[in-house]
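Trainee: Provided herewith: work.cif, mmCIF, C-alpha atoms and all ligand atoms.
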data_input
loop_
_atom_site.label_atom_id
_atom_site.label_comp_id
_atom_site.auth_asym_id
_atom_site.auth_seq_id
_atom_site.Cartn_x
_atom_site.Cartn_y
_atom_site.Cartn_z
CA MET Y 638 20.13 1.51 -9.73
CA ALA Y 639 19.26 4.93 -8.37
CA LYS Y 640 21.28 6.20 -5.42
CA LEU Y 641 19.63 7.57 -2.30
CA GLU Y 642 20.57 11.17 -3.07
CA GLU Y 643 18.51 11.00 -6.23
CA TYR Y 644 15.35 10.68 -4.13
CA ILE Y 645 15.91 14.03 -2.38
CA PRO Y 646 14.20 16.17 -5.05
CA ILE Y 647 11.18 13.87 -4.87
CA VAL Y 648 10.72 13.29 -1.12
CA GLY Y 649 12.89 15.94 0.54
CA GLN Y 650 16.20 15.89 2.40
CA SER Y 651 14.77 15.08 5.84
CA ILE Y 652 13.35 11.72 4.75
CA ILE Y 653 16.76 10.65 3.46
CA ASP Y 654 18.41 11.86 6.68
CA ASP Y 655 15.96 9.73 8.68
CA LEU Y 656 16.88 6.70 6.60
CA ARG Y 657 20.59 7.17 7.23
CA LEU Y 658 20.02 7.61 10.94
CA LEU Y 659 18.00 4.40 11.21
CA ALA Y 660 20.43 2.49 8.99
CA ASP Y 661 23.22 3.49 11.31
CA LYS Y 662 21.44 1.77 14.18
CA LEU Y 663 21.20 -1.41 12.12
CA LYS Y 664 24.90 -1.52 11.22
CA GLY Y 665 26.27 -5.01 11.63
CA LYS Y 666 22.91 -6.74 11.31
CA THR Y 667 22.25 -9.03 8.35
CA ILE Y 668 18.84 -9.27 6.71
CA GLN Y 669 17.60 -11.97 4.37
CA HIS Y 670 14.40 -11.76 2.32
CA ILE Y 671 12.89 -14.98 1.03
CA ASN Y 672 9.93 -15.30 -1.36
CA SER Y 673 8.77 -17.65 -4.10
CA THR Y 674 9.54 -15.89 -7.37
CA SER Y 675 12.15 -13.49 -8.62
CA VAL Y 676 9.93 -12.19 -11.43
CA GLY Y 677 6.27 -11.38 -11.82
CA GLY Y 678 3.89 -9.91 -9.29
CA GLY Y 679 4.17 -7.21 -6.71
CA VAL Y 680 6.43 -8.92 -4.17
CA ALA Y 681 9.24 -9.51 -6.66
CA GLU Y 682 8.73 -5.96 -7.92
CA ILE Y 683 9.24 -4.49 -4.45
CA LEU Y 684 12.16 -6.72 -3.47
CA SER Y 685 14.06 -6.00 -6.66
CA ARG Y 686 13.93 -2.28 -5.90
CA MET Y 687 14.29 -2.38 -2.15
CA SER Y 688 17.21 -4.75 -1.63
CA PRO Y 689 19.80 -2.59 -3.47
CA LEU Y 690 18.64 0.60 -1.74
CA ILE Y 691 18.87 -0.95 1.71
CA LYS Y 692 22.37 -2.06 0.78
CA ASP Y 693 23.15 1.48 -0.36
CA LEU Y 694 22.25 2.54 3.19
CA GLY Y 695 24.98 0.25 4.44
CA VAL Y 696 22.69 -2.46 5.78
CA ASP Y 697 23.66 -5.97 4.76
CA ALA Y 698 20.56 -7.34 2.98
CA LYS Y 699 20.12 -10.21 0.57
CA TRP Y 700 17.23 -11.82 -1.26
CA ASP Y 701 16.73 -15.54 -1.95
CA VAL Y 702 13.96 -17.50 -3.64
CA ILE Y 703 12.65 -20.94 -2.61
CA LYS Y 704 12.61 -23.79 -5.11
CA GLY Y 705 9.46 -25.69 -5.97
CA GLY Y 706 8.07 -27.88 -8.72
CA GLU Y 707 4.84 -27.61 -10.69
CA GLN Y 708 2.83 -29.54 -8.11
CA PHE Y 709 4.00 -27.32 -5.26
CA PHE Y 710 3.04 -24.13 -7.11
CA GLU Y 711 -0.33 -25.59 -8.05
CA VAL Y 712 -0.94 -26.16 -4.34
CA THR Y 713 0.30 -22.72 -3.30
CA LYS Y 714 -1.86 -21.10 -5.98
CA LYS Y 715 -4.81 -23.03 -4.58
CA PHE Y 716 -3.92 -21.78 -1.09
CA HIS Y 717 -3.71 -18.27 -2.53
CA ASN Y 718 -7.17 -18.59 -4.07
CA VAL Y 719 -8.90 -20.04 -1.00
CA LEU Y 720 -7.21 -17.57 1.33
CA HIS Y 721 -8.91 -14.97 -0.85
CA GLY Y 722 -12.23 -16.69 -0.25
CA ARG Y 723 -12.54 -18.63 -3.51
CA PRO Y 724 -14.28 -22.00 -3.02
CA GLU Y 725 -11.85 -24.76 -4.01
CA GLU Y 726 -11.32 -28.09 -2.34
CA VAL Y 727 -8.11 -28.41 -0.35
CA THR Y 728 -7.07 -32.00 0.27
CA ASP Y 729 -4.71 -33.73 2.70
CA LYS Y 730 -2.51 -34.46 -0.29
CA ASP Y 731 -2.13 -30.70 -0.91
CA PHE Y 732 -0.74 -30.21 2.58
CA GLU Y 733 1.63 -33.16 2.06
CA VAL Y 734 2.91 -31.69 -1.22
CA PHE Y 735 3.40 -28.34 0.51
CA MET Y 736 5.36 -29.90 3.36
CA GLU Y 737 7.43 -32.12 1.09
CA THR Y 738 8.79 -29.14 -0.87
CA SER Y 739 9.12 -27.10 2.32
CA ARG Y 740 11.32 -29.84 3.82
CA HIS Y 741 13.63 -29.70 0.77
CA ASN Y 742 13.92 -25.93 1.10
CA ILE Y 743 14.52 -26.17 4.83
CA GLU Y 744 17.38 -28.59 4.16
CA SER Y 745 18.95 -26.67 1.31
CA MET Y 746 18.57 -23.01 2.23
CA GLU Y 747 20.80 -20.90 4.42
CA THR Y 748 18.70 -19.08 7.01
CA GLN Y 749 21.33 -17.68 9.32
CA ALA Y 750 20.81 -13.92 8.86
CA ASP Y 751 20.07 -11.93 12.02
CA ILE Y 752 16.69 -11.00 10.59
CA MET Y 753 14.84 -13.44 8.34
CA PHE Y 754 12.10 -11.74 6.33
CA ILE Y 755 9.72 -14.32 4.83
CA HIS Y 756 7.18 -13.18 2.24
CA ASP Y 757 3.75 -14.78 1.84
CA PRO Y 758 2.58 -18.35 2.51
CA GLN Y 759 4.81 -20.22 0.02
CA PRO Y 760 8.05 -20.13 2.11
CA ILE Y 761 6.32 -19.87 5.50
CA ALA Y 762 7.46 -23.28 6.79
CA LEU Y 763 11.12 -22.25 6.68
CA VAL Y 764 10.55 -20.89 10.18
CA ASN Y 765 10.87 -24.48 11.41
CA LYS Y 766 14.59 -23.86 10.98
CA LYS Y 767 14.60 -20.86 13.33
CA SER Y 768 17.53 -20.89 15.69
CA GLY Y 769 18.00 -17.85 17.86
CA ASN Y 770 17.61 -15.26 15.08
CA LYS Y 771 14.58 -13.00 14.46
CA TRP Y 772 11.90 -13.99 11.96
CA ILE Y 773 9.25 -11.81 10.33
CA TRP Y 774 6.34 -13.11 8.28
CA ARG Y 775 5.25 -10.57 5.69
CA CYS Y 776 1.74 -11.27 4.40
CA HIS Y 777 1.11 -9.41 1.15
CA ILE Y 778 -2.27 -10.90 0.37
CA ASP Y 779 -5.83 -10.11 1.40
CA VAL Y 780 -6.59 -12.47 4.27
CA SER Y 781 -9.66 -10.65 5.56
CA ASN Y 782 -11.80 -13.73 4.90
CA PRO Y 783 -9.45 -16.72 4.65
CA ASN Y 784 -10.30 -20.38 4.21
CA LYS Y 785 -10.31 -21.65 7.79
CA ARG Y 786 -8.46 -24.91 7.19
CA VAL Y 787 -5.59 -23.30 5.29
CA TRP Y 788 -5.35 -20.40 7.71
CA GLU Y 789 -5.15 -22.80 10.67
CA PHE Y 790 -2.43 -24.73 8.86
CA LEU Y 791 -0.50 -21.50 8.35
CA MET Y 792 -1.06 -20.48 11.97
CA ASP Y 793 1.09 -23.42 13.13
CA PHE Y 794 3.98 -21.62 11.46
CA ILE Y 795 2.95 -18.00 12.07
CA VAL Y 796 3.11 -18.43 15.85
CA LYS Y 797 6.81 -19.30 15.56
CA TYR Y 798 7.62 -15.90 14.02
CA ASP Y 799 8.57 -12.88 16.09
CA SER Y 800 6.32 -10.49 14.18
CA ALA Y 801 3.88 -10.43 11.28
CA VAL Y 802 3.28 -7.62 8.80
CA PHE Y 803 0.08 -6.93 6.86
CA SER Y 804 -0.65 -4.34 4.17
CA SER Y 805 -3.98 -3.01 5.31
CA PRO Y 806 -5.88 -2.72 8.63
CA SER Y 807 -8.68 -4.85 7.17
CA PHE Y 808 -6.32 -7.87 6.99
CA ALA Y 809 -5.25 -7.79 10.63
CA GLN Y 810 -5.76 -11.11 12.41
CA LYS Y 811 -5.92 -12.26 16.01
CA LEU Y 812 -2.34 -13.43 16.55
CA PRO Y 813 -0.25 -14.25 19.59
CA ILE Y 814 2.71 -12.36 18.05
CA ARG Y 815 3.19 -8.66 17.39
CA GLN Y 816 1.73 -7.48 14.12
CA PHE Y 817 2.50 -4.37 12.11
CA LEU Y 818 0.63 -2.61 9.34
CA ILE Y 819 3.00 -1.51 6.62
CA SER Y 820 1.82 -0.67 3.12
CA PRO Y 821 3.85 -1.54 0.05
CA SER Y 822 5.34 1.11 -2.19
CA ILE Y 823 6.58 1.98 -5.65
CA ASP Y 824 9.96 3.29 -6.68
CA PRO Y 825 9.59 6.59 -8.55
CA LEU Y 826 13.03 6.16 -10.13
CA SER Y 827 12.59 2.63 -11.45
CA GLU Y 828 12.20 2.01 -15.17
CA LYS Y 829 8.57 1.26 -14.46
CA ASN Y 830 7.84 4.66 -12.98
CA MET Y 831 10.40 7.16 -14.25
CA GLU Y 832 9.47 9.88 -16.72
CA LEU Y 833 9.55 8.69 -20.34
CA ALA Y 834 10.22 10.63 -23.52
CA PRO Y 835 7.16 10.76 -25.82
CA GLU Y 836 9.12 8.92 -28.53
CA ILE Y 837 9.57 5.92 -26.25
CA ILE Y 838 5.85 5.79 -25.53
CA ASP Y 839 5.09 6.03 -29.24
CA ALA Y 840 7.56 3.26 -30.04
CA VAL Y 841 5.94 0.89 -27.56
CA LEU Y 842 2.46 1.62 -28.95
CA LYS Y 843 3.79 1.05 -32.46
CA LYS Y 844 5.35 -2.26 -31.45
CA TYR Y 845 1.94 -3.49 -30.32
CA GLY Y 846 0.02 -1.97 -33.25
CA ILE Y 847 -1.97 0.49 -31.14
CA ILE Y 848 -3.03 3.74 -32.76
CA ARG Y 849 -3.96 6.70 -30.61
CA ASN Y 850 -7.07 7.57 -32.57
CA LYS Y 851 -9.51 6.88 -29.73
CA PRO Y 852 -9.28 6.94 -25.94
CA ILE Y 853 -7.28 4.12 -24.38
CA ILE Y 854 -8.50 2.26 -21.28
CA THR Y 855 -5.90 -0.06 -19.78
CA GLN Y 856 -5.58 -2.75 -17.15
CA ILE Y 857 -2.11 -4.13 -16.54
CA SER Y 858 -2.10 -7.28 -14.43
CA ARG Y 859 -1.05 -10.86 -14.31
CA PHE Y 860 -3.71 -12.94 -16.08
CA ASP Y 861 -5.35 -14.11 -12.88
CA ARG Y 862 -9.08 -14.54 -12.23
CA LEU Y 863 -8.79 -12.40 -9.12
CA LYS Y 864 -7.82 -9.50 -11.41
CA ASP Y 865 -11.13 -10.07 -13.24
CA PRO Y 866 -9.95 -9.50 -16.84
CA LEU Y 867 -13.30 -10.78 -18.15
CA GLY Y 868 -15.08 -8.20 -15.99
CA VAL Y 869 -12.83 -5.54 -17.48
CA ILE Y 870 -13.99 -6.50 -20.97
CA ASP Y 871 -17.62 -6.29 -19.82
CA ALA Y 872 -17.07 -2.84 -18.31
CA TYR Y 873 -15.32 -1.65 -21.49
CA SER Y 874 -18.21 -3.00 -23.60
CA LEU Y 875 -20.64 -0.89 -21.59
CA VAL Y 876 -18.56 2.23 -22.24
CA LYS Y 877 -18.08 1.34 -25.90
CA LYS Y 878 -21.83 1.67 -26.49
CA TYR Y 879 -21.52 5.40 -25.85
CA ILE Y 880 -17.88 6.31 -26.52
CA ASP Y 881 -15.67 4.90 -29.25
CA CYS Y 882 -12.67 3.74 -27.24
CA GLN Y 883 -10.11 0.94 -27.10
CA LEU Y 884 -9.04 -1.43 -24.36
CA ILE Y 885 -5.58 -2.72 -23.52
CA LEU Y 886 -5.37 -5.79 -21.32
CA ALA Y 887 -1.69 -6.31 -20.77
CA GLY Y 888 0.16 -8.71 -18.57
CA GLY Y 889 2.43 -11.62 -18.21
CA THR Y 890 2.34 -14.48 -15.78
CA ALA Y 891 4.43 -15.04 -12.68
CA ALA Y 892 6.81 -17.97 -12.29
CA ASP Y 893 4.82 -19.16 -9.25
CA ASP Y 894 1.39 -18.91 -10.98
CA PRO Y 895 0.45 -21.99 -13.05
CA GLU Y 896 -3.10 -20.73 -13.87
CA GLY Y 897 -2.14 -17.86 -16.19
CA ALA Y 898 -2.29 -19.69 -19.53
CA LYS Y 899 -5.87 -20.84 -18.95
CA VAL Y 900 -7.02 -17.35 -18.04
CA ILE Y 901 -5.34 -15.88 -21.15
CA ASP Y 902 -7.29 -18.35 -23.33
CA GLU Y 903 -10.57 -17.27 -21.72
CA VAL Y 904 -9.73 -13.61 -22.26
CA ILE Y 905 -8.80 -14.14 -25.92
CA GLU Y 906 -12.02 -16.04 -26.47
CA LYS Y 907 -14.14 -13.29 -24.93
CA ALA Y 908 -12.39 -10.52 -26.88
CA LYS Y 909 -12.87 -12.28 -30.23
CA GLY Y 910 -14.29 -10.09 -32.95
CA ASP Y 911 -13.47 -6.72 -31.37
CA SER Y 912 -10.33 -5.29 -32.94
CA ASP Y 913 -10.33 -2.46 -30.39
CA ILE Y 914 -9.41 -4.89 -27.62
CA HIS Y 915 -5.66 -5.36 -27.47
CA ILE Y 916 -4.49 -8.33 -25.45
CA LEU Y 917 -0.78 -7.93 -24.91
CA LEU Y 918 1.33 -10.71 -23.51
CA LEU Y 919 4.22 -8.84 -21.99
CA SER Y 920 7.56 -10.31 -21.25
CA GLN Y 921 9.12 -8.77 -18.14
CA ASN Y 922 9.68 -5.28 -19.50
CA ASP Y 923 9.22 -2.35 -17.17
CA ILE Y 924 9.62 0.36 -19.78
CA GLU Y 925 6.75 -1.16 -21.76
CA VAL Y 926 4.51 -1.24 -18.69
CA ASN Y 927 5.47 2.36 -17.95
CA ALA Y 928 4.77 3.45 -21.54
CA LEU Y 929 1.39 1.72 -21.70
CA GLN Y 930 0.32 3.32 -18.43
CA ARG Y 931 1.43 6.74 -19.64
CA ALA Y 932 -0.30 6.32 -23.02
CA SER Y 933 -3.64 5.54 -21.37
CA ASP Y 934 -6.52 7.90 -20.82
CA VAL Y 935 -7.99 5.84 -17.99
CA ILE Y 936 -6.42 3.04 -15.98
CA ILE Y 937 -8.66 0.35 -14.58
CA GLN Y 938 -7.91 -2.19 -11.86
CA LYS Y 939 -11.01 -4.28 -11.48
CA SER Y 940 -9.62 -6.82 -9.01
CA LEU Y 941 -12.01 -9.02 -7.08
CA LYS Y 942 -9.43 -9.26 -4.28
CA GLU Y 943 -6.19 -7.37 -3.91
CA GLY Y 944 -3.38 -7.28 -1.39
CA PHE Y 945 -2.36 -3.73 -2.17
CA GLY Y 946 -2.46 -3.24 -5.93
CA LEU Y 947 0.87 -1.75 -6.97
CA THR Y 948 -0.53 -1.12 -10.44
CA VAL Y 949 -2.88 1.44 -8.90
CA ALA Y 950 0.01 3.30 -7.23
CA GLU Y 951 2.00 3.15 -10.47
CA ALA Y 952 -0.87 4.69 -12.44
CA LEU Y 953 -1.58 7.38 -9.85
CA TRP Y 954 2.10 8.32 -9.72
CA LYS Y 955 1.80 8.99 -13.45
CA ALA Y 956 -1.16 11.28 -12.59
CA LYS Y 957 -3.57 9.03 -14.44
CA PRO Y 958 -7.27 8.90 -13.57
CA VAL Y 959 -7.92 5.44 -12.14
CA VAL Y 960 -11.07 3.38 -11.74
CA ALA Y 961 -10.48 0.53 -9.32
CA SER Y 962 -12.42 -1.91 -7.16
CA ASN Y 963 -12.99 -1.08 -3.54
CA VAL Y 964 -11.06 -4.14 -2.30
CA GLY Y 965 -7.94 -4.87 -0.26
CA GLY Y 966 -5.39 -2.07 -0.25
CA ILE Y 967 -6.96 -0.14 -3.11
CA PRO Y 968 -9.10 2.19 -0.94
CA LEU Y 969 -5.93 3.21 0.91
CA GLN Y 970 -4.72 4.64 -2.38
CA ILE Y 971 -7.95 5.89 -3.87
CA LYS Y 972 -10.07 8.24 -1.88
CA HIS Y 973 -13.28 8.12 -3.88
CA LYS Y 974 -13.80 11.21 -6.04
CA TYR Y 975 -10.55 12.72 -4.75
CA SER Y 976 -7.69 10.57 -6.03
CA GLY Y 977 -9.65 8.30 -8.36
CA LEU Y 978 -12.97 6.49 -8.55
CA LEU Y 979 -13.80 3.31 -6.63
CA CYS Y 980 -16.20 0.81 -8.12
CA HIS Y 981 -18.10 -2.20 -6.80
CA SER Y 982 -19.41 -3.85 -9.96
CA ILE Y 983 -19.04 -4.11 -13.72
CA ASP Y 984 -21.79 -1.53 -14.17
CA GLY Y 985 -20.10 0.76 -11.66
CA ALA Y 986 -16.77 0.42 -13.41
CA GLY Y 987 -18.33 1.16 -16.80
CA PHE Y 988 -20.15 4.19 -15.43
CA ALA Y 989 -16.98 5.57 -13.81
CA ILE Y 990 -14.88 5.12 -16.96
CA LYS Y 991 -17.55 6.87 -19.02
CA GLN Y 992 -17.65 9.73 -16.53
CA LEU Y 993 -13.87 10.20 -16.72
CA LEU Y 994 -13.75 10.07 -20.51
CA ASN Y 995 -16.56 12.62 -20.69
CA SER Y 996 -14.97 15.02 -18.16
CA PRO Y 997 -11.25 15.41 -18.94
CA GLY Y 998 -10.85 18.30 -16.46
CA TYR Y 999 -12.23 16.21 -13.61
CA ALA Y 1000 -10.14 13.22 -14.69
CA LYS Y 1001 -7.00 15.37 -14.70
CA ARG Y 1002 -7.72 16.69 -11.20
CA LEU Y 1003 -8.20 13.18 -9.80
CA GLY Y 1004 -4.92 12.09 -11.39
CA GLU Y 1005 -2.99 15.03 -9.96
CA ASN Y 1006 -4.42 14.43 -6.48
CA GLY Y 1007 -3.51 10.78 -6.87
CA ARG Y 1008 0.10 11.59 -7.66
CA GLU Y 1009 0.45 13.71 -4.51
CA HIS Y 1010 -1.24 11.03 -2.42
CA ILE Y 1011 1.31 8.49 -3.66
CA ARG Y 1012 4.20 10.91 -3.11
CA ASN Y 1013 3.15 11.42 0.52
CA ASN Y 1014 2.35 7.83 1.39
CA TYR Y 1015 3.43 5.09 -0.98
CA LEU Y 1016 6.96 5.70 -2.18
CA ILE Y 1017 9.80 3.34 -1.44
CA THR Y 1018 11.54 5.73 0.98
CA ARG Y 1019 8.61 5.61 3.44
CA HIS Y 1020 8.52 1.84 3.07
CA ILE Y 1021 12.22 1.39 3.85
CA LYS Y 1022 11.91 3.66 6.86
CA GLU Y 1023 9.06 1.58 8.27
CA TYR Y 1024 10.92 -1.67 7.62
CA MET Y 1025 13.98 -0.39 9.43
CA LEU Y 1026 11.85 0.67 12.41
CA LEU Y 1027 10.32 -2.79 12.33
CA PHE Y 1028 13.79 -4.41 12.35
CA LEU Y 1029 14.82 -2.29 15.32
CA SER Y 1030 11.60 -3.13 17.15
CA LEU Y 1031 12.56 -6.82 17.07
CA TYR Y 1032 15.30 -6.03 19.55
CA HIS Y 1033 12.96 -4.03 21.80
CA PRO Y 1034 10.00 -6.35 22.19
CA GLU Y 1035 8.56 -4.59 25.24
CA GLU Y 1036 8.50 -1.10 23.81
CA VAL Y 1037 5.74 0.48 21.79
CA VAL Y 1038 7.04 1.43 18.38
CA TYR Y 1039 5.29 4.18 16.47
CA LEU Y 1040 5.64 3.86 12.73
N1 LIG L 1 3.48 -6.27 -13.79
C1 LIG L 1 4.45 -6.30 -14.79
N2 LIG L 1 4.19 -6.93 -15.95
C2 LIG L 1 3.02 -7.55 -16.15
C3 LIG L 1 2.01 -7.53 -15.15
C4 LIG L 1 2.28 -6.88 -13.97
O1 LIG L 1 5.55 -5.75 -14.62
O2 LIG L 1 2.85 -8.11 -17.22
C5 LIG L 1 3.80 -5.60 -12.55
C6 LIG L 1 2.93 -4.42 -12.23
O3 LIG L 1 3.37 -3.29 -12.96
C7 LIG L 1 3.14 -4.31 -10.72
C8 LIG L 1 3.24 -5.78 -10.30
O4 LIG L 1 3.64 -6.50 -11.47
O5 LIG L 1 4.35 -3.68 -10.43
C9 LIG L 1 1.91 -6.34 -9.82
O6 LIG L 1 1.70 -5.96 -8.50
P1 LIG L 1 0.24 -5.86 -7.91
O7 LIG L 1 0.37 -5.51 -6.48
O8 LIG L 1 -0.59 -4.92 -8.74
O9 LIG L 1 -0.41 -7.31 -8.11
P2 LIG L 1 0.11 -8.81 -7.81
O10 LIG L 1 0.55 -9.32 -9.15
O11 LIG L 1 1.20 -8.76 -6.81
O12 LIG L 1 -1.11 -9.53 -7.36
#
Could you take the file, read its structure, and then write that structure out as structure tokens?
Mentor:
Amino acid sequence: MAKLEEYIPIVGQSIIDDLRLLADKLKGKTIQHINSTSVGGGVAEILSRMSPLIKDLGVDAKWDVIKGGEQFFEVTKKFHNVLHGRPEEVTDKDFEVFMETSRHNIESMETQADIMFIHDPQPIALVNKKSGNKWIWRCHIDVSNPNKRVWEFLMDFIVKYDSAVFSSPSFAQKLPIRQFLISPSIDPLSEKNMELAPEIIDAVLKKYGIIRNKPIITQISRFDRLKDPLGVIDAYSLVKKYIDCQLILAGGTAADDPEGAKVIDEVIEKAKGDSDIHILLLSQNDIEVNALQRASDVIIQKSLKEGFGLTVAEALWKAKPVVASNVGGIPLQIKHKYSGLLCHSIDGAGFAIKQLLNSPGYAKRLGENGREHIRNNYLITRHIKEYMLLFLSLYHPEEVVYL
């Protein structure tokens, strides 16, 4: 794990001084993060980097994961989908399954830290165990247009929290508790984002049988319909008519996502017959993700919905030109035609990719602007600072806190 000092050349001394100052004010407080998976997806990615750094600051933080069976995660995935506006039927039985598992977790989990930090809907009901400590609900997903019934169900729990945190202003909700807007972040020193020697990049490409004889377009994402992998293939096919290129669709599944296997089958079926489409099933390997991003000429993130889209920040940090949908937290990261290109459709995505492949100078400029935008706004040091201010605000409920 990187030490705090190692971030100074990247973000400057004063940011690290701020962190130490704030950490000092939190001395003696214990913090406990709880989410639903230790691997796969953006939340696990952030927690695995953040928890050790907060500890390095001298703040006592730990991270636990709820337990749940197949049925529970099928229900929570359904909740996830309908909260993102997908039409699926939610039944009374689904709520029963959710509560049944929640009751087991409430019984078995320790929740005594001074500050309980609960991530996303899956563990939300743990707040029923609240007893005098402070509880934060951290919503990482796009709830700008949630299914009413599920949102109302969640509201019964949300109101018991002290504060809620959302990633983007467009997700803010009418709530009777204080809410904060805090964007996620990437860690520039993690294996996923650190500089890589060219030989490592070459070795990863070799492992997957990819030859750099034509431009590489890449989307790295869990195989989830909301990431629209089929739409990515359509966009690539449009480009392919004009420019001989290849597509990498790489991803794994998350432990709390039971739908992945079905989506992978659909993707394989659609890609049949085109040997320039590489579908890579990654095991959790950050260096490989890093290498694939660095080897790419254009990164695409054609999500239909997105909480924040860490993959976009990861690509921009590597100064890659990115084409991404104008959804969720993506427009915070991509200012259209400045730090990347936003798209609204398959045609739009295809057109933008073609434009970038045809204008390498322009593509390079967008990538460089993107890297600076991420440096200034979406690195882990800013994120930790805002979380510590949030923690302190819990003890000053009447004061306005400027983040
Ligand atoms: N990721 C990974 N391996 C994969 C697919 C994704 O390590 O096979 C990582 C990706 O690099 C990013 C995170 O998982 O760090 C995904 O976060 P994002 O916010 O983009 O989407 P989420 O999966 O949380 O919806």
Trainee: Just want the residues within 9 Å of ligand LIG 1 (chain L), written as a tab-separated table (two decimals) with C-alpha atoms, in the frame of the given file, counting all atoms listed in the file.
Mentor:
chain	number	residue	atom	x	y	z
Y	676	VAL	CA	9.93	-12.19	-11.43
Y	677	GLY	CA	6.27	-11.38	-11.82
Y	678	GLY	CA	3.89	-9.91	-9.29
Y	679	GLY	CA	4.17	-7.21	-6.71
Y	680	VAL	CA	6.43	-8.92	-4.17
Y	681	ALA	CA	9.24	-9.51	-6.66
Y	682	GLU	CA	8.73	-5.96	-7.92
Y	683	ILE	CA	9.24	-4.49	-4.45
Y	777	HIS	CA	1.11	-9.41	1.15
Y	778	ILE	CA	-2.27	-10.90	0.37
Y	821	PRO	CA	3.85	-1.54	0.05
Y	823	ILE	CA	6.58	1.98	-5.65
Y	829	LYS	CA	8.57	1.26	-14.46
Y	857	ILE	CA	-2.11	-4.13	-16.54
Y	858	SER	CA	-2.10	-7.28	-14.43
Y	859	ARG	CA	-1.05	-10.86	-14.31
Y	860	PHE	CA	-3.71	-12.94	-16.08
Y	861	ASP	CA	-5.35	-14.11	-12.88
Y	863	LEU	CA	-8.79	-12.40	-9.12
Y	864	LYS	CA	-7.82	-9.50	-11.41
Y	887	ALA	CA	-1.69	-6.31	-20.77
Y	888	GLY	CA	0.16	-8.71	-18.57
Y	889	GLY	CA	2.43	-11.62	-18.21
Y	890	THR	CA	2.34	-14.48	-15.78
Y	891	ALA	CA	4.43	-15.04	-12.68
Y	917	LEU	CA	-0.78	-7.93	-24.91
Y	918	LEU	CA	1.33	-10.71	-23.51
Y	919	LEU	CA	4.22	-8.84	-21.99
Y	920	SER	CA	7.56	-10.31	-21.25
Y	921	GLN	CA	9.12	-8.77	-18.14
Y	922	ASN	CA	9.68	-5.28	-19.50
Y	923	ASP	CA	9.22	-2.35	-17.17
Y	924	ILE	CA	9.62	0.36	-19.78
Y	925	GLU	CA	6.75	-1.16	-21.76
Y	926	VAL	CA	4.51	-1.24	-18.69
Y	927	ASN	CA	5.47	2.36	-17.95
Y	938	GLN	CA	-7.91	-2.19	-11.86
Y	942	LYS	CA	-9.43	-9.26	-4.28
Y	943	GLU	CA	-6.19	-7.37	-3.91
Y	944	GLY	CA	-3.38	-7.28	-1.39
Y	945	PHE	CA	-2.36	-3.73	-2.17
Y	946	GLY	CA	-2.46	-3.24	-5.93
Y	947	LEU	CA	0.87	-1.75	-6.97
Y	948	THR	CA	-0.53	-1.12	-10.44
Y	949	VAL	CA	-2.88	1.44	-8.90
Y	950	ALA	CA	0.01	3.30	-7.23
Y	951	GLU	CA	2.00	3.15	-10.47
Trainee: Grab the atom CA of Y:Asp871 to atom CA of Y:His981 distance for me, in Å with one decimal place.
Mentor: 13.7 Å
Trainee: Step by step, gather every atom of stretch 885-891 of chain Y that the file lists, find the box along x, y and z that holds them, add 5 Å on each side, and finally give centre and edge lengths in Å to one decimal, as lines of an AutoDock Vina configuration file.
Mentor:
center_x = -0.6
center_y = -8.9
center_z = -18.1
size_x = 20.0
size_y = 22.3
size_z = 20.8
Trainee: Which residues are near Y:Ile916? Cut-off 12 Å, all atoms listed in the file, ignore same chain within fewer than 4 positions. Put them as number ranges by chain.
Mentor: Y: 845-847, 855-860, 866-867, 869-870, 883-889, 900-909, 911-912
Trainee: So, counting only C-alpha atoms, which residue among Y:Cys980, Y:Gly695, Y:Leu969, Y:Ala834 is closest to Y:Leu659?
Mentor: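 Ranking Y:Cys980, Y:Gly695, Y:Leu969, Y:Ala834 by distance to Y:Leu659, first place goes to Y:Gly695.
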